[in-house]
Number of protein chains: 2
Amino acid sequence: MLPWKTIIRLTPDTRRAVYLQIADDITAEISSGRVTLGTKLPSSRLLAEQLQLNRKTVQLAYDELLSQGWIEIIPYKGTFVKKNLPILKPKPLGFIRPSSPKSPTTLAVKTHQINDGTPDYRIAPVTALYKTARFLTESKLSKSVLTGSHFAGHVSLRQNLAKYLNDTRALTPTANDLIITRGSQMSIFLACSVILSPGDRVIVGHLNYESANETIRYLGGQLVPVKVTRHGLDIDQIESIIVTQKIKAIYISPHHHYPTTVTMPIEHRLKLLALAQHHGFYILEDDYDYDYHYAGSPILPIASIDQGQQVIYIGSFSKILAPSIRMGYMYAHPDIISRCITIRKLIDRRGDPIIEKSLSILIEDGDIQRSIKKAVKIYRDRRDLFCKTLQHKFSDQVSFETPDGGMAVWVKFHNLKVKTLKETTLKQHLHLDVDTYSEEDKCRLGFASLNEDEIDHHLTVLQDSIHWLKHKNT
Amino acid sequence: MLPWKTIIRLTPDTRRAVYLQIADDITAEISSGRVTLGTKLPSSRLLAEQLQLNRKTVQLAYDELLSQGWIEIIPYKGTFVKKNLPILKPKPLGFIRPSSPKSPTTLAVKTHQINDGTPDYRIAPVTALYKTARFLTESKLSKSVLTGSHFAGHVSLRQNLAKYLNDTRALTPTANDLIITRGSQMSIFLACSVILSPGDRVIVGHLNYESANETIRYLGGQLVPVKVTRHGLDIDQIESIIVTQKIKAIYISPHHHYPTTVTMPIEHRLKLLALAQHHGFYILEDDYDYDYHYAGSPILPIASIDQGQQVIYIGSFSKILAPSIRMGYMYAHPDIISRCITIRKLIDRRGDPIIEKSLSILIEDGDIQRSIKKAVKIYRDRRDLFCKTLQHKFSDQVSFETPDGGMAVWVKFHNLKVKTLKETTLKQHLHLDVDTYSEEDKCRLGFASLNEDEIDHHLTVLQDSIHWLKHKNT
């Protein structure tokens with residue numbers, strides 16, 4: 001066996017987590033060729049003993065290597081360095097300024113990312129959530145939490161959520177007007193399943209949140225696209241459509257429109273509601289971004305005027321916690337909620353009562369509210385820095401407007417496909433994890449998950465890549 | 001304010017959890033009329049201070065009272081004893097043997113339960129799961145776990161699951177043949193969504209798992225029921241149906257049939273697979289109960305012979321953890337898995353990577369396997385005791401056969417509707433939380449979640465109730 005104890009040199013003082021240090025050292029050995037492809041790694045138990053670490057730390061390191069594609073698990077045999085690993089030897093582009101004093105290994109392994117607008121999990125109360133969950137399971141928990149949940153979601157969560165929605169959005173649901181879902185996507189799926197019959201027409205923005213379009217199409221609905229102005233879906237075009245066509249519903253994200261980030265002003269909201277009431281169509285109000293408005297107070301949802309008649313109000317906690325913690329809700333007329341519950345039972349029966357109850361406690365204790373307040377302050381600063389830096393570095397390369405809220409900036413690149421840019425930045429270890437729109441020259445650049453250093457670093461890489469591309473083409 | 005500190009008398013030595021003691025004392029005060037209906041309760045913070053307890057303990061007590069319907073939360077006002085509370089004054093039936101020396105309060109509050117076959121959460125590794133989850137979130141977790149999950153489920157869980165299925169069931173999936181779902185129900189929903197078109201015929205048992213029937217009907221399928229013998233679905237009847245009708249799929253739970261608990265023998269499995277291959281229909285093999293077989297080794301799944309061609313294999317971890325922790329999986333041909341992923345993205349995008357990764361670690365460390373082994377031993381003993389007691393106490397009142405596995409006994413009551421029995425036992429604070437079948441004289445009585453004392457107590461209450469009903473009717 002290789003002398004892993006001497007290969008892996010842990011530095012207790014560094015800020016890099018121990019398991020990442022282990023992963024770094026192993027990839028360095030692989031990259032350098034000192035550990036050959038196909039080598040069997042020691043079991044996590046053995047390596048943990050040698051390094052005198054908790055076995056879970058070594059497992060995390062192996063998992064990191066696994067997810068990065070360096071190693072593979074062969075059942076009954078063990079963990080091996082992949083045989084067919086193309087050893088990356090990144091060549092910095094000629095004119096790129098000298099890289100900061102990082103080890104080549106770190107550079108080879110660590111890929112930075114700009115996504116299309118996710119929260120920063122580092123400031124989210126994720127640990128508080130699982131801490132509470134563990135507390136609940138350890139506290140001689142009665143069956144009432146573990147087995148006693150309701151198909152619509154834990155009753156205490158719905159009660160606390162009702163109060164929370166009243167405090168923050170002037171909505172007035174009772175617990176029975178609410179269903180807890182696995183995030184906005186499930187709310188959209190359930191709502192569309194309930195209200196749509198095959199062939200029903202649904203007005204959507206062009207552009208729109210693609211998963212909403214796909215859901216509507218999957219459930220037999222027919223998309224009726226209208227253009228998106230700086231005030232959201234074009235209200236005049238909507239008005240002219242509904243006099244000639246029977247419309248079943250309209251899907252909007254008024255706060256802020258996805259992907260373009262614009263806010264629908266209050267007068268458009270009132271007019272849309274009046275049209276819905278007059279012509280009898282539903283408004284699917286997907287307000288995923290309500291909590292993150294930086295230009296004064298957010299505008300109250302249409303549902304706060306309608307209160308559960310024409311409007312199906314959809315919200316999410318995944319932006320507050322992490323995109324992967326799927327927690328959302330729907331507020332609608334009790335008839336719709338009850339039909340959603342019927343379908344929900346066929347899909348996955350119900351949510352996880354421990355996590356639901358934990359979230360309920362975090363809301364009741366005000367943890368969620370404080371976390372949002374803190375995040376809004378941080379994200380506002382990040383938006384300002386991001387937009388300032390964009391303006392400074394890219395003034396003639398991109399067009400954008402500073403968004404009133406949310407987690408991303410809607411950017412149009414001049415004479416440049418985002419796809420081409422993606423390929424170039426990736427060579428600089430910056431992954432542009434974004435969808436492209438229209439002529440492929442537009443995308444959302446997320447700022448919320450990036451701290452000051454990351455904004456500076458990532459936008460510098462972006463700038464260098466654009467320069468290089470322009471230079472190459474002239 | 002009421003002198004809550006003197007009302008609530010905590011006994012540190014008792015085995016009853018502190019929060020339940022608080023709930024007991026408060027309900028005792030309400031029942032006795034000393035605390036009047038509509039009384040405002042102190043805030044959990046205040047009461048916690050007075051009792052010198054953690055606030056979460058008081059919150060758990062309030063939650064218990066809330067879920068039992070004693071109190072209500074009025075937004076902006078506080079927590080109140082319900083105004084319209086019908087104060088229960090339970091009258092013991094005349095000839096019932098003297099109740100054990102419990103306080104009347106406890107009797108009034110605590111309702112025992114026989115369900116239709118759920119695991120015992122007290123022996124399930126639920127705490128281990130959330131402990132691991134919390135560890136993961138606290139360990140300077142890289143984005144890879146929190147944001148890097150796959151729509152089909154965390155890659156390490158799928159790899160460990162593949163190995164686990166190979167070890168326990170001789171299945172040979174790769175990670176790409178698997179999708180992690182929110183329990184068996186989501187697997188059924190996804191599989192039916194993929195394979196069924198409106199009007200397609202699906203053979204099911206009569207009787208069958210009702211949620212499967214509902215899902216098939218909801219998705220436009222047409223049920224073709226066949227009778228259930230002591231060997232599961234009648235194979236001769238199936239054979240005669242498929243020569244006259246085009247059949248798209250058959251849904252079975254071979255191990256053990258729901259609700260009747262019978263096991264499909266190997267020769268019927270082979271024959272069914274041969275028919276499926278010859279006539280080109282799918283087998284939906286819902287093997288939710290595989291791990292809990294007490295009569296020798298379990299019979300290998302049909303999927304272990306077919307290996308991802310005609311058979312869609314569905315399994316669950318919810319029986320190992322708790323019914324409310326929705327974790328299941330599906331093993332099928334990669335084409336079907338990939339179509340399931342497409343639909344899954346529209347339903348809720350993906351699972352929770354922290355819980356998925358935690359489960360993966362528990363499988364890798366063998367915790368899940370040890371937990372099953374332990375549970376099988378305990379449940380087998382409980383089955384034996386339960387059936388012996390049934391035989392002893394009810395020999396002329398019920399018919400049943402000792403099941404080869406699972407968590408419940410299929411019972412037919414002689415000349416007695418289960419519904420009537422339910423009403424009677426409820427007055428004795430025993431909730432028969434079971435569905436009824438056929439002429440309403442059959443149900444599943446779950447033994448797995450009951451310890452020795454509970455089996456003795458609950459079946460005694462059941463016996464007393466039957467005696468009383470027979471006595472009343474003569």
# chains A, B, ... in the order shown; residues from 1 in each chain; ligands from 1
$ interface_residues --of "chain B" --to "chain A" --cutoff "8 Å" --atoms "only C-alpha atoms" --output "compact mmCIF listing (two decimals) with all heavy atoms, in the first residue's frame"
# COMPACT_ATOMS: atom_id res chain seq x y z
N ALA B 17 -42.11 11.51 28.68
CA ALA B 17 -41.32 12.67 28.27
C ALA B 17 -41.88 13.94 28.91
O ALA B 17 -43.09 14.05 29.15
CB ALA B 17 -41.34 12.80 26.75
N ASP B 63 -47.54 21.82 20.76
CA ASP B 63 -47.81 21.16 19.49
C ASP B 63 -48.64 19.90 19.70
O ASP B 63 -49.54 19.58 18.92
CB ASP B 63 -46.50 20.83 18.80
CG ASP B 63 -46.73 20.40 17.38
OD1 ASP B 63 -47.44 21.15 16.68
OD2 ASP B 63 -46.25 19.34 16.98
N GLU B 64 -48.30 19.18 20.75
CA GLU B 64 -49.06 17.98 21.10
C GLU B 64 -50.52 18.36 21.37
O GLU B 64 -51.44 17.72 20.86
CB GLU B 64 -48.42 17.36 22.35
CG GLU B 64 -49.02 16.03 22.79
CD GLU B 64 -48.74 14.90 21.81
OE1 GLU B 64 -47.72 14.96 21.11
OE2 GLU B 64 -49.58 13.99 21.74
N LEU B 66 -52.05 20.96 20.31
CA LEU B 66 -52.60 21.45 19.05
C LEU B 66 -53.05 20.27 18.20
O LEU B 66 -54.17 20.26 17.67
CB LEU B 66 -51.51 22.25 18.33
CG LEU B 66 -51.91 23.20 17.23
CD1 LEU B 66 -52.77 24.32 17.77
CD2 LEU B 66 -50.64 23.81 16.59
N SER B 67 -52.18 19.29 18.10
CA SER B 67 -52.51 18.17 17.21
C SER B 67 -53.62 17.32 17.82
O SER B 67 -54.35 16.64 17.11
CB SER B 67 -51.27 17.33 16.92
OG SER B 67 -50.92 16.57 18.04
N ILE B 73 -54.18 28.36 17.83
CA ILE B 73 -53.36 29.56 17.74
C ILE B 73 -54.17 30.61 17.00
O ILE B 73 -54.66 30.35 15.90
CB ILE B 73 -52.05 29.29 16.99
CG1 ILE B 73 -51.20 28.29 17.78
CG2 ILE B 73 -51.27 30.57 16.75
CD1 ILE B 73 -49.98 27.78 17.02
N PRO B 75 -53.79 34.13 15.26
CA PRO B 75 -52.74 35.05 14.85
C PRO B 75 -52.84 36.40 15.55
O PRO B 75 -53.93 36.93 15.74
CB PRO B 75 -52.96 35.18 13.34
CG PRO B 75 -53.63 33.91 12.95
CD PRO B 75 -54.48 33.52 14.12
N TYR B 121 -41.16 3.10 14.75
CA TYR B 121 -40.16 4.17 14.61
C TYR B 121 -39.19 4.19 15.77
O TYR B 121 -38.11 4.74 15.69
CB TYR B 121 -40.86 5.54 14.48
CG TYR B 121 -41.49 6.00 15.77
CD1 TYR B 121 -40.79 6.86 16.63
CD2 TYR B 121 -42.75 5.56 16.16
CE1 TYR B 121 -41.35 7.25 17.82
CE2 TYR B 121 -43.30 5.94 17.35
CZ TYR B 121 -42.60 6.79 18.18
OH TYR B 121 -43.13 7.17 19.37
N VAL B 126 -33.86 6.57 12.63
CA VAL B 126 -34.25 7.92 12.20
C VAL B 126 -33.28 8.96 12.76
O VAL B 126 -32.84 9.88 12.07
CB VAL B 126 -35.70 8.23 12.65
CG1 VAL B 126 -36.06 9.66 12.31
CG2 VAL B 126 -36.67 7.27 11.98
N THR B 127 -32.94 8.80 14.05
CA THR B 127 -32.01 9.76 14.65
C THR B 127 -30.66 9.70 13.95
O THR B 127 -30.05 10.73 13.67
CB THR B 127 -31.85 9.47 16.15
OG1 THR B 127 -33.13 9.58 16.76
CG2 THR B 127 -30.91 10.48 16.79
N TYR B 130 -30.80 11.81 10.79
CA TYR B 130 -30.74 13.26 10.95
C TYR B 130 -29.44 13.72 11.59
O TYR B 130 -29.00 14.85 11.38
CB TYR B 130 -31.98 13.75 11.71
CG TYR B 130 -33.18 13.79 10.81
CD1 TYR B 130 -34.13 12.79 10.84
CD2 TYR B 130 -33.32 14.80 9.87
CE1 TYR B 130 -35.21 12.79 9.98
CE2 TYR B 130 -34.40 14.82 9.01
CZ TYR B 130 -35.34 13.81 9.07
OH TYR B 130 -36.40 13.83 8.20
N LYS B 131 -28.85 12.83 12.39
CA LYS B 131 -27.53 13.12 12.97
C LYS B 131 -26.53 13.28 11.82
O LYS B 131 -25.74 14.22 11.79
CB LYS B 131 -27.13 11.93 13.84
CG LYS B 131 -26.30 12.24 15.04
CD LYS B 131 -26.35 11.01 15.95
CE LYS B 131 -25.33 11.06 17.04
NZ LYS B 131 -25.56 9.99 18.03
N ALA B 133 -27.25 13.95 8.73
CA ALA B 133 -27.62 15.13 7.95
C ALA B 133 -27.05 16.39 8.59
O ALA B 133 -26.48 17.25 7.93
CB ALA B 133 -29.14 15.23 7.84
N ARG B 134 -27.19 16.47 9.91
CA ARG B 134 -26.67 17.65 10.60
C ARG B 134 -25.16 17.70 10.49
O ARG B 134 -24.57 18.76 10.26
CB ARG B 134 -27.10 17.60 12.07
CG ARG B 134 -26.64 18.83 12.81
CD ARG B 134 -27.01 18.78 14.27
NE ARG B 134 -26.14 19.68 15.02
CZ ARG B 134 -26.21 19.84 16.32
NH1 ARG B 134 -27.09 19.18 17.04
NH2 ARG B 134 -25.39 20.67 16.92
N THR B 137 -24.26 19.10 7.15
CA THR B 137 -24.46 20.54 6.96
C THR B 137 -23.48 21.34 7.78
O THR B 137 -23.19 22.49 7.46
CB THR B 137 -25.89 20.98 7.36
OG1 THR B 137 -26.10 20.65 8.73
CG2 THR B 137 -26.94 20.30 6.52
N GLU B 138 -22.96 20.74 8.86
CA GLU B 138 -22.05 21.50 9.72
C GLU B 138 -20.60 21.37 9.29
O GLU B 138 -19.75 22.11 9.77
CB GLU B 138 -22.19 21.02 11.16
CG GLU B 138 -23.38 21.64 11.86
CD GLU B 138 -23.51 21.15 13.28
OE1 GLU B 138 -22.93 20.12 13.62
OE2 GLU B 138 -24.20 21.84 14.05
N SER B 139 -20.31 20.41 8.42
CA SER B 139 -18.91 20.10 8.16
C SER B 139 -18.34 20.94 7.03
O SER B 139 -17.69 20.41 6.16
CB SER B 139 -18.79 18.62 7.84
OG SER B 139 -19.50 18.36 6.63
N LYS B 140 -18.58 22.24 7.05
CA LYS B 140 -18.10 23.10 5.98
C LYS B 140 -18.35 22.42 4.64
O LYS B 140 -17.47 22.28 3.80
CB LYS B 140 -16.61 23.41 6.14
CG LYS B 140 -16.29 24.31 7.30
CD LYS B 140 -14.92 24.94 7.12
CE LYS B 140 -14.58 25.78 8.33
NZ LYS B 140 -15.54 26.90 8.50
N SER B 144 -20.91 20.73 -3.32
CA SER B 144 -21.17 19.51 -4.08
C SER B 144 -22.36 18.72 -3.53
O SER B 144 -23.13 18.15 -4.28
CB SER B 144 -19.93 18.63 -4.14
OG SER B 144 -19.61 18.15 -2.86
N LEU B 146 -24.80 20.09 -1.34
CA LEU B 146 -26.00 20.92 -1.20
C LEU B 146 -26.60 21.32 -2.54
O LEU B 146 -27.81 21.46 -2.67
CB LEU B 146 -25.67 22.18 -0.42
CG LEU B 146 -26.24 22.24 0.99
CD1 LEU B 146 -25.83 23.52 1.66
CD2 LEU B 146 -27.75 22.11 1.00
N THR B 147 -25.79 21.55 -3.52
CA THR B 147 -26.34 22.02 -4.79
C THR B 147 -26.05 21.07 -5.93
O THR B 147 -26.54 21.26 -7.02
CB THR B 147 -25.77 23.41 -5.17
OG1 THR B 147 -24.35 23.26 -5.37
CG2 THR B 147 -26.00 24.42 -4.07
N SER B 149 -26.75 17.88 -6.57
CA SER B 149 -27.42 16.60 -6.70
C SER B 149 -27.90 16.39 -8.14
O SER B 149 -28.04 17.32 -8.92
CB SER B 149 -28.60 16.51 -5.75
OG SER B 149 -29.75 17.03 -6.34
N VAL B 155 -25.57 10.73 -6.57
CA VAL B 155 -24.84 9.67 -7.27
C VAL B 155 -24.29 8.64 -6.29
O VAL B 155 -24.31 7.43 -6.56
CB VAL B 155 -23.72 10.26 -8.16
CG1 VAL B 155 -22.69 11.01 -7.35
CG2 VAL B 155 -23.05 9.17 -8.99
N SER B 156 -23.84 9.07 -5.11
CA SER B 156 -23.27 8.09 -4.19
C SER B 156 -24.36 7.20 -3.62
O SER B 156 -24.14 6.02 -3.36
CB SER B 156 -22.47 8.78 -3.08
OG SER B 156 -23.25 9.02 -1.94
N GLN B 159 -25.04 4.60 -6.25
CA GLN B 159 -23.97 3.59 -6.30
C GLN B 159 -24.08 2.62 -5.12
O GLN B 159 -23.97 1.40 -5.29
CB GLN B 159 -22.61 4.28 -6.33
CG GLN B 159 -22.36 4.94 -7.69
CD GLN B 159 -21.02 5.65 -7.75
OE1 GLN B 159 -20.49 6.08 -6.73
NE2 GLN B 159 -20.49 5.80 -8.95
N LYS B 163 -25.20 -1.53 -5.10
CA LYS B 163 -24.48 -2.60 -4.41
C LYS B 163 -25.40 -3.31 -3.41
O LYS B 163 -25.41 -4.54 -3.31
CB LYS B 163 -23.27 -2.00 -3.70
CG LYS B 163 -22.40 -3.05 -3.05
CD LYS B 163 -21.07 -2.48 -2.62
CE LYS B 163 -20.25 -3.49 -1.80
NZ LYS B 163 -20.93 -4.67 -1.33
N ARG B 182 -39.49 9.70 -3.92
CA ARG B 182 -40.04 9.97 -2.59
C ARG B 182 -40.95 8.82 -2.17
O ARG B 182 -42.14 9.00 -1.96
CB ARG B 182 -40.83 11.27 -2.60
CG ARG B 182 -40.08 12.44 -3.20
CD ARG B 182 -39.79 13.49 -2.16
NE ARG B 182 -39.29 14.72 -2.75
CZ ARG B 182 -38.34 15.46 -2.18
NH1 ARG B 182 -37.80 15.10 -1.05
NH2 ARG B 182 -37.95 16.58 -2.75
N GLY B 183 -40.40 7.63 -2.11
CA GLY B 183 -41.19 6.49 -1.66
C GLY B 183 -41.83 5.73 -2.80
O GLY B 183 -41.86 6.19 -3.96
N SER B 184 -42.38 4.56 -2.46
CA SER B 184 -43.00 3.70 -3.48
C SER B 184 -44.06 4.43 -4.28
O SER B 184 -44.21 4.23 -5.47
CB SER B 184 -43.66 2.49 -2.81
OG SER B 184 -42.70 1.69 -2.19
N GLN B 185 -44.82 5.29 -3.60
CA GLN B 185 -45.92 5.94 -4.29
C GLN B 185 -45.44 6.75 -5.49
O GLN B 185 -46.03 6.70 -6.56
CB GLN B 185 -46.70 6.83 -3.31
CG GLN B 185 -47.97 7.44 -3.91
CD GLN B 185 -48.98 6.39 -4.34
OE1 GLN B 185 -49.20 5.40 -3.65
NE2 GLN B 185 -49.57 6.59 -5.51
N MET B 186 -44.33 7.49 -5.30
CA MET B 186 -43.81 8.27 -6.43
C MET B 186 -43.29 7.35 -7.53
O MET B 186 -43.43 7.66 -8.72
CB MET B 186 -42.73 9.26 -6.00
CG MET B 186 -42.29 10.16 -7.14
SD MET B 186 -41.01 11.36 -6.69
CE MET B 186 -42.03 12.73 -6.17
N PHE B 189 -46.29 6.29 -9.41
CA PHE B 189 -46.80 7.41 -10.21
C PHE B 189 -45.93 7.64 -11.45
O PHE B 189 -46.44 7.80 -12.56
CB PHE B 189 -46.85 8.69 -9.36
CG PHE B 189 -47.52 9.84 -10.04
CD1 PHE B 189 -48.90 10.01 -9.96
CD2 PHE B 189 -46.79 10.77 -10.79
CE1 PHE B 189 -49.52 11.08 -10.59
CE2 PHE B 189 -47.41 11.83 -11.43
CZ PHE B 189 -48.78 11.98 -11.33
N SER B 211 -54.04 2.85 -3.35
CA SER B 211 -53.36 4.00 -3.96
C SER B 211 -52.80 3.66 -5.34
O SER B 211 -52.68 4.54 -6.19
CB SER B 211 -52.22 4.49 -3.07
OG SER B 211 -52.75 5.18 -1.97
N GLU B 214 -55.82 3.86 -7.62
CA GLU B 214 -56.18 5.26 -7.87
C GLU B 214 -55.22 5.92 -8.84
O GLU B 214 -55.62 6.71 -9.70
CB GLU B 214 -56.18 6.04 -6.55
CG GLU B 214 -57.44 5.81 -5.72
CD GLU B 214 -57.32 6.41 -4.32
OE1 GLU B 214 -56.54 7.36 -4.14
OE2 GLU B 214 -58.02 5.93 -3.42
N THR B 215 -53.93 5.61 -8.70
CA THR B 215 -52.94 6.21 -9.59
C THR B 215 -53.16 5.77 -11.03
O THR B 215 -53.12 6.58 -11.96
CB THR B 215 -51.52 5.81 -9.14
OG1 THR B 215 -51.38 6.16 -7.76
CG2 THR B 215 -50.45 6.53 -9.95
N ALA B 322 -39.22 5.35 8.56
CA ALA B 322 -40.53 5.69 9.11
C ALA B 322 -41.39 6.00 7.91
O ALA B 322 -40.89 6.47 6.89
CB ALA B 322 -40.44 6.90 10.03
N PRO B 323 -42.70 5.73 8.01
CA PRO B 323 -43.55 5.94 6.83
C PRO B 323 -43.46 7.37 6.31
O PRO B 323 -43.65 7.62 5.14
CB PRO B 323 -44.97 5.65 7.36
CG PRO B 323 -44.78 4.90 8.62
CD PRO B 323 -43.46 5.29 9.19
N SER B 324 -43.12 8.29 7.22
CA SER B 324 -43.14 9.69 6.81
C SER B 324 -41.84 10.14 6.17
O SER B 324 -41.78 11.22 5.61
CB SER B 324 -43.45 10.56 8.01
OG SER B 324 -42.54 10.25 9.04
N ILE B 325 -40.79 9.33 6.26
CA ILE B 325 -39.56 9.68 5.55
C ILE B 325 -39.64 9.03 4.18
O ILE B 325 -39.44 7.83 4.03
CB ILE B 325 -38.31 9.23 6.34
CG1 ILE B 325 -38.29 9.97 7.67
CG2 ILE B 325 -37.04 9.52 5.54
CD1 ILE B 325 -37.20 9.54 8.60
N ARG B 326 -39.99 9.83 3.22
CA ARG B 326 -40.34 9.32 1.90
C ARG B 326 -39.09 9.07 1.10
O ARG B 326 -38.53 9.98 0.49
CB ARG B 326 -41.26 10.30 1.16
CG ARG B 326 -42.47 10.83 1.94
CD ARG B 326 -43.49 9.79 2.30
NE ARG B 326 -43.89 9.01 1.14
CZ ARG B 326 -44.36 7.78 1.23
NH1 ARG B 326 -44.46 7.18 2.39
NH2 ARG B 326 -44.72 7.14 0.15
N LEU B 346 -40.52 17.83 -13.59
CA LEU B 346 -41.72 18.68 -13.60
C LEU B 346 -42.48 18.59 -12.28
O LEU B 346 -43.22 19.50 -11.92
CB LEU B 346 -42.64 18.27 -14.75
CG LEU B 346 -42.04 18.33 -16.15
CD1 LEU B 346 -43.08 17.93 -17.18
CD2 LEU B 346 -41.48 19.72 -16.46
N ILE B 347 -42.32 17.49 -11.57
CA ILE B 347 -43.08 17.29 -10.34
C ILE B 347 -42.44 18.03 -9.17
O ILE B 347 -43.09 18.78 -8.46
CB ILE B 347 -43.21 15.78 -10.02
CG1 ILE B 347 -44.19 15.14 -11.01
CG2 ILE B 347 -43.65 15.57 -8.59
CD1 ILE B 347 -44.35 13.66 -10.82
N ASP B 348 -41.17 17.76 -8.92
CA ASP B 348 -40.52 18.45 -7.80
C ASP B 348 -39.03 18.62 -8.02
O ASP B 348 -38.28 18.76 -7.06
CB ASP B 348 -40.81 17.74 -6.47
CG ASP B 348 -40.08 16.40 -6.36
OD1 ASP B 348 -39.63 15.89 -7.40
OD2 ASP B 348 -39.95 15.88 -5.24
N ARG B 349 -38.62 18.54 -9.27
CA ARG B 349 -37.23 18.70 -9.69
C ARG B 349 -36.36 17.54 -9.22
O ARG B 349 -35.82 16.83 -10.02
CB ARG B 349 -36.62 20.03 -9.25
CG ARG B 349 -37.39 21.23 -9.82
CD ARG B 349 -36.59 22.52 -9.87
NE ARG B 349 -35.48 22.50 -10.79
CZ ARG B 349 -35.60 22.54 -12.12
NH1 ARG B 349 -36.80 22.59 -12.68
NH2 ARG B 349 -34.55 22.53 -12.89
N ARG B 350 -36.23 17.33 -7.91
CA ARG B 350 -35.33 16.28 -7.42
C ARG B 350 -35.55 16.08 -5.93
O ARG B 350 -36.28 16.83 -5.31
CB ARG B 350 -33.89 16.69 -7.67
CG ARG B 350 -33.42 17.78 -6.72
CD ARG B 350 -32.07 18.34 -7.12
NE ARG B 350 -32.22 19.65 -7.73
CZ ARG B 350 -31.30 20.22 -8.48
NH1 ARG B 350 -30.18 19.62 -8.74
NH2 ARG B 350 -31.51 21.43 -8.99
N GLY B 351 -34.83 15.10 -5.36
CA GLY B 351 -34.93 14.85 -3.93
C GLY B 351 -34.03 15.76 -3.13
O GLY B 351 -33.39 16.65 -3.67
N ASP B 352 -33.97 15.49 -1.83
CA ASP B 352 -33.15 16.29 -0.94
C ASP B 352 -31.77 15.65 -0.86
O ASP B 352 -31.60 14.57 -0.30
CB ASP B 352 -33.82 16.30 0.45
CG ASP B 352 -33.03 17.12 1.44
OD1 ASP B 352 -31.79 17.23 1.29
OD2 ASP B 352 -33.64 17.66 2.37
N PRO B 353 -30.73 16.31 -1.42
CA PRO B 353 -29.43 15.66 -1.48
C PRO B 353 -28.81 15.40 -0.11
O PRO B 353 -28.04 14.45 0.05
CB PRO B 353 -28.56 16.64 -2.28
CG PRO B 353 -29.29 17.93 -2.23
CD PRO B 353 -30.73 17.61 -2.07
$ select_by_dssp --residues "stretch 224-357 of chain A" --states "strand (DSSP E)" --output "list in words"
Val224, Pro225, Val226, Lys227, Val228, Thr229, Gly232, Leu233, Ala249, Ile250, Tyr251, Ile252, Tyr282, Ile283, Leu284, Glu285, Asp286, Val311, Ile312, Tyr313, Ile314, Gly315, Ser316, Gly328, Tyr329, Met330 and Tyr331 of chain A
$ residues_around --residues "stretch 461-465 of chain A" --least-positions-apart "4" --cutoff "12 Å" --atoms "only C-alpha atoms" --output "PyMOL selection string"
chain A and resi 92-99+111-114+389-398+413+416+418+420-432+445+454-457+469-472
$ residues_around --residues "B:Ile302" --least-positions-apart "2" --cutoff "10 Å" --atoms "only C-alpha atoms" --output "list in words"
Arg169, Leu171, Pro254, Ile266, His268, Arg269, Leu270, Leu272, Leu273, Ile283, Leu284, Glu285, Asp287, Ile299, Leu300, Ser304, Ile305, Asp306, Gln307, Gly308, Gln310, Val311, Ile312 and Tyr313 of chain B
$ atom_distance --atom1 "atom CA of B:Glu210" --atom2 "atom CA of B:Leu196"
17.8 Å
$ residues_around --residues "B:Gln237" --least-positions-apart "2" --cutoff "12 Å" --atoms "only C-alpha atoms" --output "ChimeraX atom specification"
/B:203-206,224-229,232-235,239-244,272
$ select_by_dssp --residues "stretch 222-390 of chain A" --states "alpha helix (DSSP H)" --output "ChimeraX atom specification"
/A:235-242,266-279,303-306,334-347,353-364,367-390
$ closest_residue --among "A:Asp453, A:Asp441, A:Asp335, A:Asp404" --to "A:Pro265" --atoms "only C-alpha atoms"
A:Asp404
$ atom_distance --atom1 "atom CA of A:Ala152" --atom2 "atom CA of B:Tyr209"
21.5 Å
$ atom_distance --atom1 "atom CA of A:Asp200" --atom2 "atom CA of B:Pro198"
18.1 Å
